[in-house]
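First the structure, in the form of structure tokens, and then the observations on it.
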Amino acid sequence: GAVVSQHPSWVICKSGTSVKIECRSLDFQATTMFWYRQFPKQSLMLMATSNEGSKATYEQGVEKDKFLINHASLTLSTLTVTSAHPEDSSFYICSATRNKETQYFGPGTRLLVL
Amino acid sequence: AQSVTQLGSHVSVSEGALVLLRCNYSSSVPPYLFWYVQYPNQGLQLLLKYTTGATLVKGINGFEAEFKKSETSFHLTKPSAHMSDAAEYFCAVSEGAGTALIFGKGTTLSVSS
């Protein structure tokens, strides 16, 4: 099956710093990648949809200037949390799909902002 | 707009008992429906999915689900629970393959010996 990786798997940072999370499709070219956010004991909420070579489409209520998404290649998308604050602490999960086939999820990145 | 409702945030069963996790959806277009499982501090693993065709879908680990359009339901079942089935289960809907998923709030399954 298709494999999607995320790096790092967990990160702790100080308030005000920026954190970059990578999402890679290891054995296929992902035309579309999605970024989700999951708070403790809650469901996944879609943050944005990222198509290779174009600007990401953000869901309502998600600050595009705070959560920068780059999808520069067919195997890599990055999410940068800028000027992170404690309320940004969450579990961030990406998924990738190729040519509108099944969506494959990464293992997630746990972010803790102190 | 699409939405998913999972009835029961927590379900407890005994080992060997039937597992039934309920999911109802709302969609203005023919839905694609999914069940995912999440173990603590891990990502999501696809259990099964319905796109078109046969309404009874069989997935991994002995799970299956039946798409019932008239009831707008996609309940997940397993005849005999195993301790390793204890996890968080999410039902999700999308407008098509490869499009963004809308998730339910999840159901925690506990299995006791």
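If you're wondering about the labels, chains in the structure tokens are A, B, ... by order shown, residues count from 1 in each chain, ligands from 1 in order shown.
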Check your understanding: What are the residues of chain A that have an atom within 10 Å of an atom of chain B, counting only C-alpha atoms, as a VMD selection string?
Key -> chain A and resid 9 31 to 36 41 to 49 91 to 110
Exercise for review: Go through range 6-100 of chain B and collect every residue that DSSP, computed from the backbone, puts in strand (DSSP E); the answer should be as a PyMOL selection string.
Suggested key: chain B and resi 10-14+19-21+24-26+32-38+44-50+56-58+64-68+73-78+87-94
How would the residues just picked look written out with N, CA and C atoms as a compact mmCIF listing (two decimals), in the first residue's frame?
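Wrote it out as result34.txt, contents follow:
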```
# COMPACT_ATOMS: atom_id res chain seq x y z
N HIS B 10 -18.67 6.51 23.30
CA HIS B 10 -17.94 5.42 23.93
C HIS B 10 -18.79 4.15 23.91
N VAL B 11 -18.20 3.08 23.39
CA VAL B 11 -18.88 1.78 23.35
C VAL B 11 -17.99 0.76 24.06
N SER B 12 -18.59 0.01 24.95
CA SER B 12 -17.85 -1.03 25.68
C SER B 12 -18.46 -2.39 25.39
N VAL B 13 -17.62 -3.34 25.05
CA VAL B 13 -18.08 -4.70 24.79
C VAL B 13 -17.14 -5.68 25.47
N SER B 14 -17.62 -6.89 25.63
CA SER B 14 -16.77 -7.95 26.14
C SER B 14 -16.08 -8.65 24.99
N VAL B 19 -19.56 -6.25 17.91
CA VAL B 19 -19.24 -4.83 17.92
C VAL B 19 -20.15 -4.12 16.92
N LEU B 20 -20.79 -3.05 17.38
CA LEU B 20 -21.63 -2.24 16.50
C LEU B 20 -21.35 -0.78 16.79
N LEU B 21 -20.79 -0.11 15.80
CA LEU B 21 -20.52 1.32 15.92
C LEU B 21 -21.37 2.03 14.88
N ASN B 24 -24.20 7.88 10.98
CA ASN B 24 -25.17 8.43 10.04
C ASN B 24 -24.55 9.62 9.34
N TYR B 25 -24.91 9.81 8.11
CA TYR B 25 -24.29 10.86 7.33
C TYR B 25 -25.36 11.74 6.69
N SER B 26 -24.90 12.88 6.25
CA SER B 26 -25.73 13.79 5.47
C SER B 26 -24.91 14.24 4.27
N TYR B 32 -19.16 9.06 -0.63
CA TYR B 32 -18.15 8.05 -0.41
C TYR B 32 -18.02 7.97 1.12
N LEU B 33 -18.03 6.78 1.65
CA LEU B 33 -18.05 6.61 3.10
C LEU B 33 -16.88 5.76 3.55
N PHE B 34 -16.35 6.12 4.71
CA PHE B 34 -15.13 5.47 5.20
C PHE B 34 -15.24 5.20 6.70
N TRP B 35 -14.54 4.19 7.12
CA TRP B 35 -14.28 3.97 8.53
C TRP B 35 -12.76 3.87 8.72
N TYR B 36 -12.28 4.64 9.69
CA TYR B 36 -10.87 4.62 10.04
C TYR B 36 -10.72 4.24 11.52
N VAL B 37 -9.59 3.65 11.83
CA VAL B 37 -9.25 3.35 13.22
C VAL B 37 -7.98 4.09 13.59
N GLN B 38 -7.96 4.58 14.82
CA GLN B 38 -6.78 5.30 15.32
C GLN B 38 -6.38 4.74 16.67
N LEU B 44 -4.13 7.53 11.19
CA LEU B 44 -5.35 6.81 10.86
C LEU B 44 -5.07 5.63 9.94
N GLN B 45 -5.79 4.56 10.21
CA GLN B 45 -5.69 3.39 9.34
C GLN B 45 -7.06 3.12 8.74
N LEU B 46 -7.11 2.97 7.43
CA LEU B 46 -8.38 2.71 6.77
C LEU B 46 -8.85 1.29 7.06
N LEU B 47 -10.07 1.19 7.57
CA LEU B 47 -10.68 -0.12 7.80
C LEU B 47 -11.41 -0.60 6.57
N LEU B 48 -12.22 0.28 6.02
CA LEU B 48 -12.99 -0.05 4.83
C LEU B 48 -13.58 1.21 4.25
N LYS B 49 -14.08 1.07 3.02
CA LYS B 49 -14.70 2.21 2.36
C LYS B 49 -15.80 1.74 1.42
N TYR B 50 -16.78 2.62 1.25
CA TYR B 50 -17.83 2.40 0.27
C TYR B 50 -17.74 3.51 -0.77
N LEU B 56 -22.72 -3.87 1.04
CA LEU B 56 -22.05 -4.49 2.18
C LEU B 56 -20.55 -4.54 1.87
N VAL B 57 -19.81 -3.85 2.68
CA VAL B 57 -18.38 -3.72 2.42
C VAL B 57 -17.60 -4.44 3.51
N LYS B 58 -16.68 -5.25 3.09
CA LYS B 58 -15.83 -5.95 4.05
C LYS B 58 -14.47 -5.28 4.11
N GLU B 64 -16.88 -5.08 8.95
CA GLU B 64 -17.67 -4.83 7.77
C GLU B 64 -18.68 -3.72 8.06
N ALA B 65 -19.18 -3.12 7.00
CA ALA B 65 -20.16 -2.05 7.15
C ALA B 65 -21.15 -2.13 6.00
N GLU B 66 -22.36 -1.69 6.26
CA GLU B 66 -23.38 -1.72 5.23
C GLU B 66 -23.91 -0.32 4.96
N PHE B 67 -23.88 0.07 3.71
CA PHE B 67 -24.41 1.35 3.30
C PHE B 67 -25.91 1.20 3.09
N LYS B 68 -26.67 1.99 3.85
CA LYS B 68 -28.12 1.98 3.71
C LYS B 68 -28.57 3.40 3.36
N SER B 73 -27.23 5.63 6.62
CA SER B 73 -26.37 5.05 7.66
C SER B 73 -25.24 4.24 7.04
N PHE B 74 -24.20 4.06 7.83
CA PHE B 74 -23.03 3.27 7.43
C PHE B 74 -22.43 2.70 8.71
N HIS B 75 -23.17 1.82 9.36
CA HIS B 75 -22.75 1.27 10.64
C HIS B 75 -21.65 0.24 10.48
N LEU B 76 -20.74 0.23 11.42
CA LEU B 76 -19.59 -0.69 11.40
C LEU B 76 -19.85 -1.85 12.35
N THR B 77 -19.60 -3.06 11.90
CA THR B 77 -19.82 -4.23 12.76
C THR B 77 -18.65 -5.19 12.69
N LYS B 78 -18.55 -5.98 13.75
CA LYS B 78 -17.60 -7.08 13.79
C LYS B 78 -18.24 -8.15 14.66
N ALA B 87 -9.76 0.88 20.46
CA ALA B 87 -9.16 2.02 19.76
C ALA B 87 -10.25 3.07 19.54
N GLU B 88 -9.86 4.12 18.84
CA GLU B 88 -10.82 5.17 18.45
C GLU B 88 -11.20 4.91 17.00
N TYR B 89 -12.50 4.99 16.72
CA TYR B 89 -12.99 4.73 15.37
C TYR B 89 -13.69 5.98 14.83
N PHE B 90 -13.32 6.30 13.61
CA PHE B 90 -13.89 7.48 12.97
C PHE B 90 -14.62 7.08 11.69
N CYS B 91 -15.82 7.61 11.55
CA CYS B 91 -16.57 7.50 10.31
C CYS B 91 -16.35 8.79 9.54
N ALA B 92 -16.25 8.70 8.23
CA ALA B 92 -16.00 9.89 7.43
C ALA B 92 -16.75 9.81 6.12
N VAL B 93 -17.04 10.99 5.57
CA VAL B 93 -17.74 11.07 4.29
C VAL B 93 -17.01 12.02 3.38
N SER B 94 -17.07 11.77 2.09
CA SER B 94 -16.51 12.70 1.12
C SER B 94 -17.38 12.70 -0.12
```
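Going from CA of Ser54 in chain A to CA of Ser77 in chain A covers 11.4 Å.
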Practice item. Using DSSP on the backbone coordinates, identify all residues within chain B classified as helix (DSSP H, G or I); present the result as number ranges by chain. Key: B: 60-62, 69-71, 83-85
Could the residues in this selection be written to a file with N, CA, C and O atoms, as a PDB file, in the first residue's frame?
```pdb
ATOM      1  N   ILE B  60     -10.671  -4.745   6.747  1.00  0.00           N
ATOM      2  CA  ILE B  60      -9.623  -5.508   7.417  1.00  0.00           C
ATOM      3  C   ILE B  60     -10.033  -5.890   8.833  1.00  0.00           C
ATOM      4  O   ILE B  60     -10.975  -5.318   9.391  1.00  0.00           O
ATOM      5  N   ASN B  61      -9.319  -6.840   9.386  1.00  0.00           N
ATOM      6  CA  ASN B  61      -9.507  -7.261  10.786  1.00  0.00           C
ATOM      7  C   ASN B  61     -10.921  -7.743  11.096  1.00  0.00           C
ATOM      8  O   ASN B  61     -11.363  -7.665  12.235  1.00  0.00           O
ATOM      9  N   GLY B  62     -11.631  -8.234  10.094  1.00  0.00           N
ATOM     10  CA  GLY B  62     -12.960  -8.809  10.321  1.00  0.00           C
ATOM     11  C   GLY B  62     -14.094  -7.813  10.397  1.00  0.00           C
ATOM     12  O   GLY B  62     -15.234  -8.190  10.693  1.00  0.00           O
ATOM     13  N   LYS B  69     -28.847   3.580   2.083  1.00  0.00           N
ATOM     14  CA  LYS B  69     -29.196   4.915   1.612  1.00  0.00           C
ATOM     15  C   LYS B  69     -30.475   5.424   2.262  1.00  0.00           C
ATOM     16  O   LYS B  69     -30.568   6.599   2.630  1.00  0.00           O
ATOM     17  N   SER B  70     -31.456   4.551   2.394  1.00  0.00           N
ATOM     18  CA  SER B  70     -32.748   4.966   2.939  1.00  0.00           C
ATOM     19  C   SER B  70     -32.635   5.427   4.380  1.00  0.00           C
ATOM     20  O   SER B  70     -33.433   6.251   4.838  1.00  0.00           O
ATOM     21  N   GLU B  71     -31.646   4.894   5.087  1.00  0.00           N
ATOM     22  CA  GLU B  71     -31.445   5.273   6.482  1.00  0.00           C
ATOM     23  C   GLU B  71     -30.273   6.239   6.641  1.00  0.00           C
ATOM     24  O   GLU B  71     -29.964   6.639   7.768  1.00  0.00           O
ATOM     25  N   MET B  83      -9.464  -8.088  21.988  1.00  0.00           N
ATOM     26  CA  MET B  83      -8.842  -7.050  22.828  1.00  0.00           C
ATOM     27  C   MET B  83      -8.109  -6.018  21.985  1.00  0.00           C
ATOM     28  O   MET B  83      -8.098  -4.824  22.304  1.00  0.00           O
ATOM     29  N   SER B  84      -7.515  -6.471  20.907  1.00  0.00           N
ATOM     30  CA  SER B  84      -6.733  -5.562  20.060  1.00  0.00           C
ATOM     31  C   SER B  84      -7.609  -4.590  19.275  1.00  0.00           C
ATOM     32  O   SER B  84      -7.093  -3.681  18.625  1.00  0.00           O
ATOM     33  N   ASP B  85      -8.920  -4.770  19.328  1.00  0.00           N
ATOM     34  CA  ASP B  85      -9.823  -3.846  18.635  1.00  0.00           C
ATOM     35  C   ASP B  85     -10.046  -2.557  19.413  1.00  0.00           C
ATOM     36  O   ASP B  85     -10.618  -1.604  18.878  1.00  0.00           O
TER      37      ASP B  85
END
```
Study note, to complete from the structure: Pairwise distance, CA of Val11 in chain A with CA of Val113 in chain A, equals 8.4 Å
Practice item. Pick out the residues sitting within 6 Å of range 24-27 of chain A, and hand them over as a VMD selection string; count only C-alpha atoms, and ignore anything fewer than 5 positions along from it in its own chain. Key: chain A and resid 3 to 5 75 to 76
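Nearest residue to Ser15 in chain A, choosing from A:Gly61, A:Gly53, A:Pro40, A:Pro86 and counting only C-alpha atoms: A:Pro86.
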Check your understanding: At what distance in Å, to one decimal, does CA of Ala30 in chain A lie from CA of Ser83 in chain A?
Key -> 28.5 Å
